[in-house]
file final-v2.cif (mmCIF, C-alpha atoms)
data_data
#
loop_
_atom_site.label_atom_id
_atom_site.label_comp_id
_atom_site.auth_asym_id
_atom_site.auth_seq_id
_atom_site.Cartn_x
_atom_site.Cartn_y
_atom_site.Cartn_z
CA MET F 435 -10.38 188.28 94.11
CA THR F 436 -11.35 191.49 92.34
CA GLU F 437 -10.49 191.34 88.64
CA LYS F 438 -7.73 193.67 87.55
CA TYR F 439 -7.41 195.37 84.18
CA ALA F 440 -4.79 197.65 82.79
CA VAL F 441 -7.54 200.02 81.65
CA VAL F 442 -11.26 200.33 82.18
CA VAL F 443 -13.06 202.38 79.53
CA VAL F 444 -16.36 203.82 80.73
CA GLY F 445 -18.59 204.23 77.69
CA GLY F 446 -19.01 202.13 74.56
CA GLY F 447 -19.61 204.78 71.91
CA ALA F 448 -17.17 205.91 69.24
CA ALA F 449 -14.66 207.31 71.75
CA GLY F 450 -14.75 204.31 74.08
CA LEU F 451 -14.57 201.70 71.33
CA SER F 452 -11.72 203.54 69.62
CA ALA F 453 -9.80 203.64 72.90
CA GLY F 454 -10.49 199.95 73.43
CA LEU F 455 -9.26 199.09 69.95
CA VAL F 456 -5.93 200.87 70.41
CA LEU F 457 -5.42 199.44 73.90
CA GLY F 458 -6.24 195.92 72.78
CA ARG F 459 -3.82 196.13 69.88
CA ALA F 460 -1.19 197.33 72.36
CA ARG F 461 -1.77 194.10 74.34
CA HIS F 462 -3.28 195.74 77.41
CA ARG F 463 -6.04 193.90 79.24
CA THR F 464 -8.99 196.26 78.77
CA LEU F 465 -12.62 196.34 79.84
CA VAL F 466 -15.18 198.53 78.06
CA VAL F 467 -18.33 199.18 80.10
CA ASP F 468 -21.20 200.13 77.81
CA ALA F 469 -24.51 201.42 79.19
CA GLY F 470 -25.98 201.30 75.67
CA GLU F 471 -27.13 204.94 75.45
CA PRO F 472 -25.36 206.52 72.45
CA ARG F 473 -26.16 210.17 71.87
CA ASN F 474 -26.85 209.68 68.17
CA ALA F 475 -29.27 206.77 68.64
CA PRO F 476 -32.27 208.78 67.31
CA ALA F 477 -30.52 209.35 63.97
CA ALA F 478 -31.04 206.86 61.13
CA HIS F 479 -27.63 207.62 59.62
CA MET F 480 -24.43 209.43 60.50
CA GLN F 481 -22.71 211.70 58.01
CA GLY F 482 -19.37 213.40 57.56
CA TYR F 483 -17.20 210.47 58.68
CA LEU F 484 -14.89 209.67 55.78
CA SER F 485 -15.52 206.10 54.52
CA ARG F 486 -18.49 205.75 56.89
CA ASP F 487 -20.71 208.50 55.48
CA GLY F 488 -24.37 207.43 55.64
CA MET F 489 -23.78 204.44 57.91
CA PRO F 490 -26.47 203.78 60.56
CA PRO F 491 -25.02 204.52 64.02
CA ALA F 492 -26.04 201.10 65.35
CA GLU F 493 -24.14 199.38 62.53
CA PHE F 494 -21.07 201.51 63.21
CA LEU F 495 -21.08 200.48 66.88
CA ALA F 496 -21.69 196.81 66.05
CA ILE F 497 -18.63 196.77 63.78
CA GLY F 498 -16.60 198.50 66.49
CA ARG F 499 -17.57 195.86 69.04
CA GLU F 500 -16.52 193.10 66.66
CA GLU F 501 -13.19 194.80 66.05
CA ILE F 502 -12.22 195.21 69.71
CA ALA F 503 -13.17 191.60 70.42
CA ARG F 504 -10.49 190.44 67.94
CA TYR F 505 -7.85 191.82 70.31
CA GLY F 506 -9.25 190.32 73.50
CA VAL F 507 -10.94 193.47 74.75
CA GLU F 508 -13.86 192.62 76.98
CA LEU F 509 -17.10 194.55 76.59
CA VAL F 510 -19.85 194.33 79.19
CA ARG F 511 -23.33 195.85 78.98
CA ASP F 512 -23.52 197.57 82.33
CA ARG F 513 -23.18 200.95 83.99
CA VAL F 514 -20.43 202.28 86.25
CA VAL F 515 -22.09 203.59 89.41
CA ASP F 516 -19.03 204.45 91.49
CA VAL F 517 -15.27 204.77 91.25
CA GLU F 518 -12.60 205.34 93.85
CA LYS F 519 -8.93 206.12 93.46
CA GLY F 520 -6.37 204.34 95.57
CA GLU F 521 -3.22 202.61 94.41
CA ASP F 522 -5.45 201.54 91.52
CA PHE F 523 -8.98 202.57 90.57
CA SER F 524 -11.85 200.59 92.06
CA VAL F 525 -14.75 200.56 89.60
CA VAL F 526 -18.21 199.46 90.74
CA LEU F 527 -20.77 198.32 88.17
CA ALA F 528 -24.54 198.45 88.57
CA GLY F 529 -24.71 194.69 88.10
CA GLY F 530 -22.74 194.17 91.32
CA ARG F 531 -19.31 193.54 89.84
CA THR F 532 -16.28 195.45 91.11
CA VAL F 533 -13.07 195.62 89.10
CA ARG F 534 -9.71 197.31 89.46
CA ALA F 535 -7.90 199.32 86.83
CA ARG F 536 -4.54 201.02 86.58
CA ARG F 537 -5.94 203.69 84.27
CA LEU F 538 -9.39 204.99 83.32
CA VAL F 539 -10.90 206.43 80.16
CA VAL F 540 -14.16 208.28 80.76
CA ALA F 541 -16.22 208.38 77.57
CA THR F 542 -19.67 208.81 79.12
CA GLY F 543 -20.86 211.41 76.61
CA LEU F 544 -23.78 213.72 77.24
CA LYS F 545 -27.55 213.81 76.98
CA ASP F 546 -29.57 216.24 74.88
CA GLU F 547 -32.39 217.97 76.78
CA LEU F 548 -34.92 219.08 74.18
CA PRO F 549 -37.29 222.06 74.34
CA ALA F 550 -40.60 221.18 76.00
CA VAL F 551 -42.66 221.71 72.86
CA PRO F 552 -45.18 218.97 72.01
CA GLY F 553 -43.92 216.81 69.17
CA VAL F 554 -40.26 217.87 69.31
CA ALA F 555 -38.97 214.85 71.24
CA GLU F 556 -41.02 212.44 69.13
CA ARG F 557 -39.64 213.83 65.86
CA PHE F 558 -36.04 214.30 67.02
CA GLY F 559 -33.61 212.65 64.62
CA LYS F 560 -36.26 212.44 61.88
CA ASP F 561 -37.34 215.92 60.78
CA VAL F 562 -36.51 217.73 64.02
CA LEU F 563 -32.74 218.13 63.87
CA HIS F 564 -29.97 219.99 65.63
CA CYS F 565 -26.84 219.66 63.47
CA PRO F 566 -26.86 220.85 59.85
CA PHE F 567 -23.40 219.36 59.31
CA CYS F 568 -24.88 215.98 60.25
CA HIS F 569 -28.17 216.23 58.35
CA GLY F 570 -28.23 219.40 56.25
CA TRP F 571 -27.46 217.76 52.92
CA GLU F 572 -30.27 215.25 53.32
CA VAL F 573 -32.89 218.00 53.85
CA ARG F 574 -31.37 220.66 51.57
CA ASP F 575 -33.66 223.20 49.89
CA GLN F 576 -36.69 222.26 51.99
CA PRO F 577 -38.61 224.84 54.08
CA PHE F 578 -36.68 225.09 57.35
CA GLY F 579 -37.79 226.30 60.73
CA VAL F 580 -35.42 227.08 63.59
CA LEU F 581 -36.85 226.91 67.10
CA ALA F 582 -34.99 229.32 69.36
CA THR F 583 -33.92 228.15 72.80
CA SER F 584 -31.91 231.28 73.60
CA PRO F 585 -30.61 234.39 71.79
CA ALA F 586 -27.62 232.25 70.80
CA SER F 587 -29.95 230.33 68.46
CA VAL F 588 -29.39 233.14 65.97
CA HIS F 589 -26.14 231.40 65.06
CA GLN F 590 -27.99 228.19 64.24
CA ALA F 591 -30.51 230.07 62.09
CA LEU F 592 -27.69 231.70 60.16
CA ILE F 593 -25.73 228.47 59.68
CA VAL F 594 -28.68 226.45 58.36
CA SER F 595 -29.28 229.10 55.71
CA GLN F 596 -26.34 227.44 53.91
CA TRP F 597 -28.63 224.51 53.15
CA SER F 598 -31.93 226.29 52.40
CA LYS F 599 -32.94 229.77 51.36
CA ASP F 600 -36.37 229.33 52.97
CA VAL F 601 -35.67 229.68 56.70
CA ARG F 602 -37.99 230.96 59.41
CA PHE F 603 -36.58 231.70 62.84
CA PHE F 604 -39.23 231.09 65.53
CA LEU F 605 -38.34 233.18 68.55
CA HIS F 606 -40.58 231.05 70.80
CA THR F 607 -39.79 232.29 74.35
CA VAL F 608 -37.02 234.65 73.23
CA ALA F 609 -38.05 238.31 73.05
CA GLU F 610 -37.06 240.16 69.89
CA GLU F 611 -35.42 242.83 72.06
CA GLU F 612 -32.93 240.20 73.21
CA LEU F 613 -31.45 240.07 69.72
CA SER F 614 -28.68 242.55 68.97
CA ASP F 615 -28.73 244.94 66.02
CA GLN F 616 -25.96 242.84 64.48
CA ASP F 617 -28.08 239.69 64.89
CA LEU F 618 -31.00 241.31 63.11
CA ARG F 619 -28.80 242.65 60.31
CA ARG F 620 -27.24 239.25 59.72
CA LEU F 621 -30.59 237.46 59.74
CA ALA F 622 -31.93 239.93 57.20
CA ALA F 623 -28.82 239.59 55.04
CA ALA F 624 -29.16 235.78 55.09
CA GLY F 625 -32.83 236.04 54.12
CA VAL F 626 -34.01 234.49 57.38
CA ASP F 627 -37.54 235.51 58.42
CA VAL F 628 -37.92 236.25 62.14
CA VAL F 629 -41.23 235.00 63.57
CA PRO F 630 -42.16 236.24 67.06
CA GLY F 631 -44.54 234.34 69.28
CA GLU F 632 -44.43 231.14 71.30
CA VAL F 633 -44.50 227.81 69.49
CA ALA F 634 -47.34 225.61 70.77
CA GLY F 635 -46.62 222.44 68.81
CA LEU F 636 -45.87 220.74 65.52
CA VAL F 637 -48.17 219.69 62.72
CA VAL F 638 -47.49 216.10 61.64
CA GLU F 639 -49.26 214.34 58.78
CA ASP F 640 -48.54 210.78 57.58
CA ASP F 641 -45.57 210.59 59.96
CA ARG F 642 -43.85 213.66 58.59
CA LEU F 643 -43.55 217.24 59.76
CA THR F 644 -45.68 219.64 57.74
CA GLY F 645 -45.89 222.72 59.93
CA VAL F 646 -45.12 224.67 63.09
CA ARG F 647 -48.11 225.94 65.07
CA LEU F 648 -47.91 229.07 67.23
CA ALA F 649 -49.83 229.73 70.41
CA ASP F 650 -52.03 232.25 68.59
CA GLY F 651 -53.24 229.47 66.28
CA THR F 652 -51.31 230.46 63.17
CA THR F 653 -49.45 227.72 61.34
CA HIS F 654 -46.31 227.99 59.25
CA ALA F 655 -45.74 225.30 56.64
CA ARG F 656 -42.32 223.74 57.37
CA SER F 657 -40.92 220.31 56.63
CA VAL F 658 -37.77 220.53 58.78
CA LEU F 659 -37.24 222.07 62.20
CA PHE F 660 -33.82 222.72 63.69
CA THR F 661 -33.36 223.38 67.37
CA ALA F 662 -30.50 223.38 69.86
CA PRO F 663 -30.95 220.95 72.76
CA ARG F 664 -29.51 221.82 76.13
CA PRO F 665 -26.47 219.54 76.53
CA VAL F 666 -26.22 217.75 79.88
CA PRO F 667 -22.66 216.41 80.30
CA GLN F 668 -22.36 213.11 82.17
CA THR F 669 -19.60 214.21 84.55
CA GLY F 670 -20.66 212.34 87.70
CA LEU F 671 -17.70 209.95 87.77
CA LEU F 672 -15.22 212.73 87.08
CA GLU F 673 -16.71 214.79 89.89
CA ARG F 674 -16.37 211.84 92.28
CA LEU F 675 -12.70 211.63 91.39
CA GLY F 676 -12.20 215.36 91.98
CA ALA F 677 -11.42 216.29 88.38
CA GLU F 678 -11.13 219.98 87.61
CA LEU F 679 -14.12 221.20 85.57
CA HIS F 680 -14.71 224.38 83.62
CA GLU F 681 -17.87 226.18 82.59
CA THR F 682 -18.68 226.68 78.92
CA PRO F 683 -21.76 228.09 77.17
CA PHE F 684 -22.69 224.45 76.46
CA GLY F 685 -22.24 222.93 79.90
CA THR F 686 -19.56 222.01 82.40
CA TYR F 687 -16.74 219.77 81.15
CA PRO F 688 -13.43 218.46 82.48
CA VAL F 689 -10.23 220.36 81.91
CA VAL F 690 -8.07 218.13 79.68
CA ASP F 691 -4.80 218.34 77.81
CA GLY F 692 -4.34 217.61 74.12
CA ASN F 693 -4.59 213.86 74.71
CA GLY F 694 -7.60 214.01 77.01
CA LEU F 695 -5.72 213.69 80.31
CA THR F 696 -7.76 215.21 83.12
CA SER F 697 -6.41 216.86 86.27
CA VAL F 698 -6.67 213.47 88.02
CA PRO F 699 -3.53 211.37 87.37
CA GLY F 700 -4.44 208.22 85.49
CA VAL F 701 -7.81 209.48 84.21
CA TRP F 702 -8.41 210.43 80.58
CA ALA F 703 -11.66 211.65 78.99
CA ALA F 704 -12.79 211.61 75.37
CA GLY F 705 -15.77 212.24 73.10
CA ASN F 706 -18.76 214.27 74.24
CA ALA F 707 -17.49 213.83 77.80
CA ILE F 708 -15.10 216.70 77.00
CA GLY F 709 -17.28 218.92 74.83
CA PHE F 710 -20.60 219.52 73.13
CA ALA F 711 -19.33 219.67 69.55
CA GLU F 712 -17.45 216.35 69.41
CA GLN F 713 -18.86 214.59 66.35
CA VAL F 714 -18.41 210.83 65.86
CA VAL F 715 -15.19 211.31 63.89
CA HIS F 716 -13.81 213.62 66.62
CA ALA F 717 -14.84 211.18 69.35
CA ALA F 718 -13.09 208.28 67.65
CA SER F 719 -9.97 210.40 67.25
CA GLY F 720 -10.11 211.46 70.90
CA GLY F 721 -10.38 207.87 72.07
CA TYR F 722 -7.37 206.95 69.93
CA ARG F 723 -5.28 209.83 71.34
CA ALA F 724 -6.19 208.97 74.93
CA ALA F 725 -5.39 205.28 74.47
CA SER F 726 -2.05 205.90 72.79
CA ALA F 727 -1.09 208.28 75.62
CA ILE F 728 -2.05 205.63 78.19
CA VAL F 729 0.12 203.02 76.44
CA GLY F 730 3.13 205.29 76.81
CA ASP F 731 2.21 206.26 80.37
CA LEU F 732 1.94 202.65 81.52
CA LEU F 733 5.20 201.71 79.82
CA MET F 734 7.19 204.52 81.44
CA THR F 735 5.61 203.85 84.83
CA ASP F 736 6.65 200.20 84.69
CA LEU F 737 10.16 200.96 83.45
CA ASP F 738 10.69 203.53 86.18
CA ALA F 739 9.61 200.96 88.77
CA VAL F 740 12.38 198.52 87.81
#
call {"tool": "encode", "arguments": {"input": "final-v2.cif", "output": "structure tokens"}}
result
Amino acid sequence: MTEKYAVVVVGGGAAGLSAGLVLGRARHRTLVVDAGEPRNAPAAHMQGYLSRDGMPPAEFLAIGREEIARYGVELVRDRVVDVEKGEDFSVVLAGGRTVRARRLVVATGLKDELPAVPGVAERFGKDVLHCPFCHGWEVRDQPFGVLATSPASVHQALIVSQWSKDVRFFLHTVAEEELSDQDLRRLAAAGVDVVPGEVAGLVVEDDRLTGVRLADGTTHARSVLFTAPRPVPQTGLLERLGAELHETPFGTYPVVDGNGLTSVPGVWAAGNAIGFAEQVVHAASGGYRAASAIVGDLLMTDLDAV
């Protein structure tokens, strides 16, 4: 017979593990399905999480897995490839296993699609960065570059000027005319130098970034490069279930309430599955909120059925 769980959590990152922890402690039989693709895997450390500041992401996840196991939560390294909603949810795993669940938590996160500039992907998480709140302190006062991916990259160039007063904004494929007068005034006020011209690649010496090379052959000495990846939300399962989605400047995400409940009854979402800016601490909180809401939902459903 197909195994039945109270809850299946799809995703074993901060949001999924947090949900699993709360559900396990509430004595609900829970399965966490982890594809093993955390968004922050390229980073050596995570910052800004109170009491966990500076912890390697892999260590954080390992501790989380140990914690959920104490409460009988099962974790399987696999991928959910299909889900159907009937009286319960039927969840199909890539490994061939099919399980049933009364409720679902979708914590599938997102993927970062980096600019197609030679060297950027290879250095991402080292000295090519995207979040100054995550890494700004560690690279403070160094010569920064910001690689534009759209006119909206002006905001990133302005924000990183909090951590260094030597910032060059490489327009790359963005034309200077695309920047507003307000953008240019703010960049000037922040002391950010605007550099037109397409970026051809990075200069790396002894496994560290030393410069940014333009297509015209000129090189700008930089030791840190910020850029904004294009977020690609992993919404396939939610789409299969017919969840309502909404467009944002950072991708298409499910419409959720304050606890992560989607428009599909019985389906919650948490972490980067609901938004681009969910940091690890936010994701863990979102998983907790979703799980606690599910505990109450299951209780009331069962009481009303008596």
call {"tool": "closest_residue", "arguments": {"input": "final-v2.cif", "among": "F:Arg619, F:Pro552, F:Ala727, F:Pro585", "to": "F:Arg647", "atoms": "all atoms listed in the file"}}
result
F:Pro552
call {"tool": "residues_around", "arguments": {"input": "final-v2.cif", "residues": "F:Leu484", "least_positions_apart": "5", "cutoff": "12 Å", "atoms": "all atoms listed in the file", "output": "ChimeraX atom specification"}}
result
/F:489,714-716
call {"tool": "closest_residue", "arguments": {"input": "final-v2.cif", "among": "F:Val626, F:Val729, F:Val540, F:Leu451", "to": "F:Gly498", "atoms": "only C-alpha atoms"}}
result
F:Leu451
call {"tool": "closest_atom_pairs", "arguments": {"input": "final-v2.cif", "of": "stretch 509-623 of chain F", "to": "stretch 687-701 of chain F", "cutoff": "7 Å", "atoms": "only C-alpha atoms", "output": "tab-separated table"}}
result
residue	atom	partner	partner_atom	distance
F:Arg537	CA	F:Gly700	CA	4.9
F:Leu538	CA	F:Val701	CA	4.8
F:Val539	CA	F:Val701	CA	5.9
call {"tool": "atom_distance", "arguments": {"input": "final-v2.cif", "atom1": "atom CA of F:Leu671", "atom2": "atom CA of F:Gly559"}}
result
28.2 Å
call {"tool": "resolve_selection", "arguments": {"input": "final-v2.cif", "expression": "the PyMOL selection byres ((chain F and resi 459) around 9)", "output": "MDAnalysis selection string"}}
result
chainID F and resid 454:458 460:462 502 504:506
call {"tool": "resolve_selection", "arguments": {"input": "final-v2.cif", "expression": "the PyMOL selection byres ((chain F and resi 548) around 9)", "output": "list in words"}}
result
Asp546, Glu547, Pro549, Ala550, Val551, Val554, Ala555, Phe558, Thr661, Ala662, Pro663, Arg664 and Pro665 of chain F
call {"tool": "atom_distance", "arguments": {"input": "final-v2.cif", "atom1": "atom CA of F:Gly730", "atom2": "atom CA of F:Ser452"}}
result
16.6 Å
call {"tool": "axis_aligned_box", "arguments": {"input": "final-v2.cif", "around": "stretch 680-691 of chain F", "padding_each_side": "5 Å", "output": "AutoDock Vina command-line options"}}
result
--center_x -13.7 --center_y 223.1 --center_z 80.0 --size_x 27.9 --size_y 20.0 --size_z 17.2
call {"tool": "closest_residue", "arguments": {"input": "final-v2.cif", "among": "F:Arg642, F:Arg574, F:Arg531, F:Arg656", "to": "F:Val514", "atoms": "all atoms listed in the file"}}
result
F:Arg531
call {"tool": "decode", "arguments": {"input": "final-v2.cif", "residues": "stretch 596-647 of chain F", "atoms": "C-alpha atoms", "output": "PDB file, in the first residue's frame"}}
result
ATOM      1  CA  GLN F 596      27.447  51.432   2.300  1.00  0.00           C
ATOM      2  CA  TRP F 597      30.329  48.957   2.498  1.00  0.00           C
ATOM      3  CA  SER F 598      32.922  50.632   0.249  1.00  0.00           C
ATOM      4  CA  LYS F 599      33.554  54.137  -1.006  1.00  0.00           C
ATOM      5  CA  ASP F 600      35.344  52.781  -4.084  1.00  0.00           C
ATOM      6  CA  VAL F 601      32.524  51.526  -6.305  1.00  0.00           C
ATOM      7  CA  ARG F 602      32.424  51.326 -10.094  1.00  0.00           C
ATOM      8  CA  PHE F 603      29.133  50.604 -11.812  1.00  0.00           C
ATOM      9  CA  PHE F 604      29.728  48.684 -15.062  1.00  0.00           C
ATOM     10  CA  LEU F 605      26.785  49.314 -17.351  1.00  0.00           C
ATOM     11  CA  HIS F 606      27.662  46.257 -19.477  1.00  0.00           C
ATOM     12  CA  THR F 607      24.668  45.883 -21.853  1.00  0.00           C
ATOM     13  CA  VAL F 608      22.657  48.702 -20.256  1.00  0.00           C
ATOM     14  CA  ALA F 609      22.750  51.985 -22.173  1.00  0.00           C
ATOM     15  CA  GLU F 610      23.446  55.090 -20.115  1.00  0.00           C
ATOM     16  CA  GLU F 611      20.300  56.666 -21.573  1.00  0.00           C
ATOM     17  CA  GLU F 612      18.269  53.989 -19.787  1.00  0.00           C
ATOM     18  CA  LEU F 613      19.221  55.507 -16.442  1.00  0.00           C
ATOM     19  CA  SER F 614      16.974  58.267 -15.136  1.00  0.00           C
ATOM     20  CA  ASP F 615      18.225  61.682 -14.084  1.00  0.00           C
ATOM     21  CA  GLN F 616      17.463  60.678 -10.489  1.00  0.00           C
ATOM     22  CA  ASP F 617      19.561  57.516 -10.905  1.00  0.00           C
ATOM     23  CA  LEU F 618      22.516  59.524 -12.146  1.00  0.00           C
ATOM     24  CA  ARG F 619      22.171  62.112  -9.373  1.00  0.00           C
ATOM     25  CA  ARG F 620      22.069  59.436  -6.701  1.00  0.00           C
ATOM     26  CA  LEU F 621      25.045  57.567  -8.140  1.00  0.00           C
ATOM     27  CA  ALA F 622      27.044  60.786  -8.197  1.00  0.00           C
ATOM     28  CA  ALA F 623      25.992  61.658  -4.653  1.00  0.00           C
ATOM     29  CA  ALA F 624      27.071  58.190  -3.452  1.00  0.00           C
ATOM     30  CA  GLY F 625      30.434  58.570  -5.195  1.00  0.00           C
ATOM     31  CA  VAL F 626      29.761  55.669  -7.561  1.00  0.00           C
ATOM     32  CA  ASP F 627      31.649  55.870 -10.870  1.00  0.00           C
ATOM     33  CA  VAL F 628      29.579  54.893 -13.914  1.00  0.00           C
ATOM     34  CA  VAL F 629      31.567  52.900 -16.484  1.00  0.00           C
ATOM     35  CA  PRO F 630      29.943  52.428 -19.910  1.00  0.00           C
ATOM     36  CA  GLY F 631      30.894  49.570 -22.189  1.00  0.00           C
ATOM     37  CA  GLU F 632      30.319  45.833 -22.268  1.00  0.00           C
ATOM     38  CA  VAL F 633      32.186  43.624 -19.815  1.00  0.00           C
ATOM     39  CA  ALA F 634      34.123  40.885 -21.632  1.00  0.00           C
ATOM     40  CA  GLY F 635      35.435  38.943 -18.642  1.00  0.00           C
ATOM     41  CA  LEU F 636      37.173  38.909 -15.295  1.00  0.00           C
ATOM     42  CA  VAL F 637      40.851  39.009 -14.440  1.00  0.00           C
ATOM     43  CA  VAL F 638      41.767  36.315 -11.910  1.00  0.00           C
ATOM     44  CA  GLU F 639      45.218  35.838 -10.415  1.00  0.00           C
ATOM     45  CA  ASP F 640      46.170  33.225  -7.795  1.00  0.00           C
ATOM     46  CA  ASP F 641      42.501  32.238  -7.470  1.00  0.00           C
ATOM     47  CA  ARG F 642      41.298  35.722  -6.628  1.00  0.00           C
ATOM     48  CA  LEU F 643      39.575  38.449  -8.596  1.00  0.00           C
ATOM     49  CA  THR F 644      41.887  41.319  -9.487  1.00  0.00           C
ATOM     50  CA  GLY F 645      40.061  43.112 -12.268  1.00  0.00           C
ATOM     51  CA  VAL F 646      37.163  43.549 -14.675  1.00  0.00           C
ATOM     52  CA  ARG F 647      38.016  43.599 -18.376  1.00  0.00           C
TER      53      ARG F 647
END
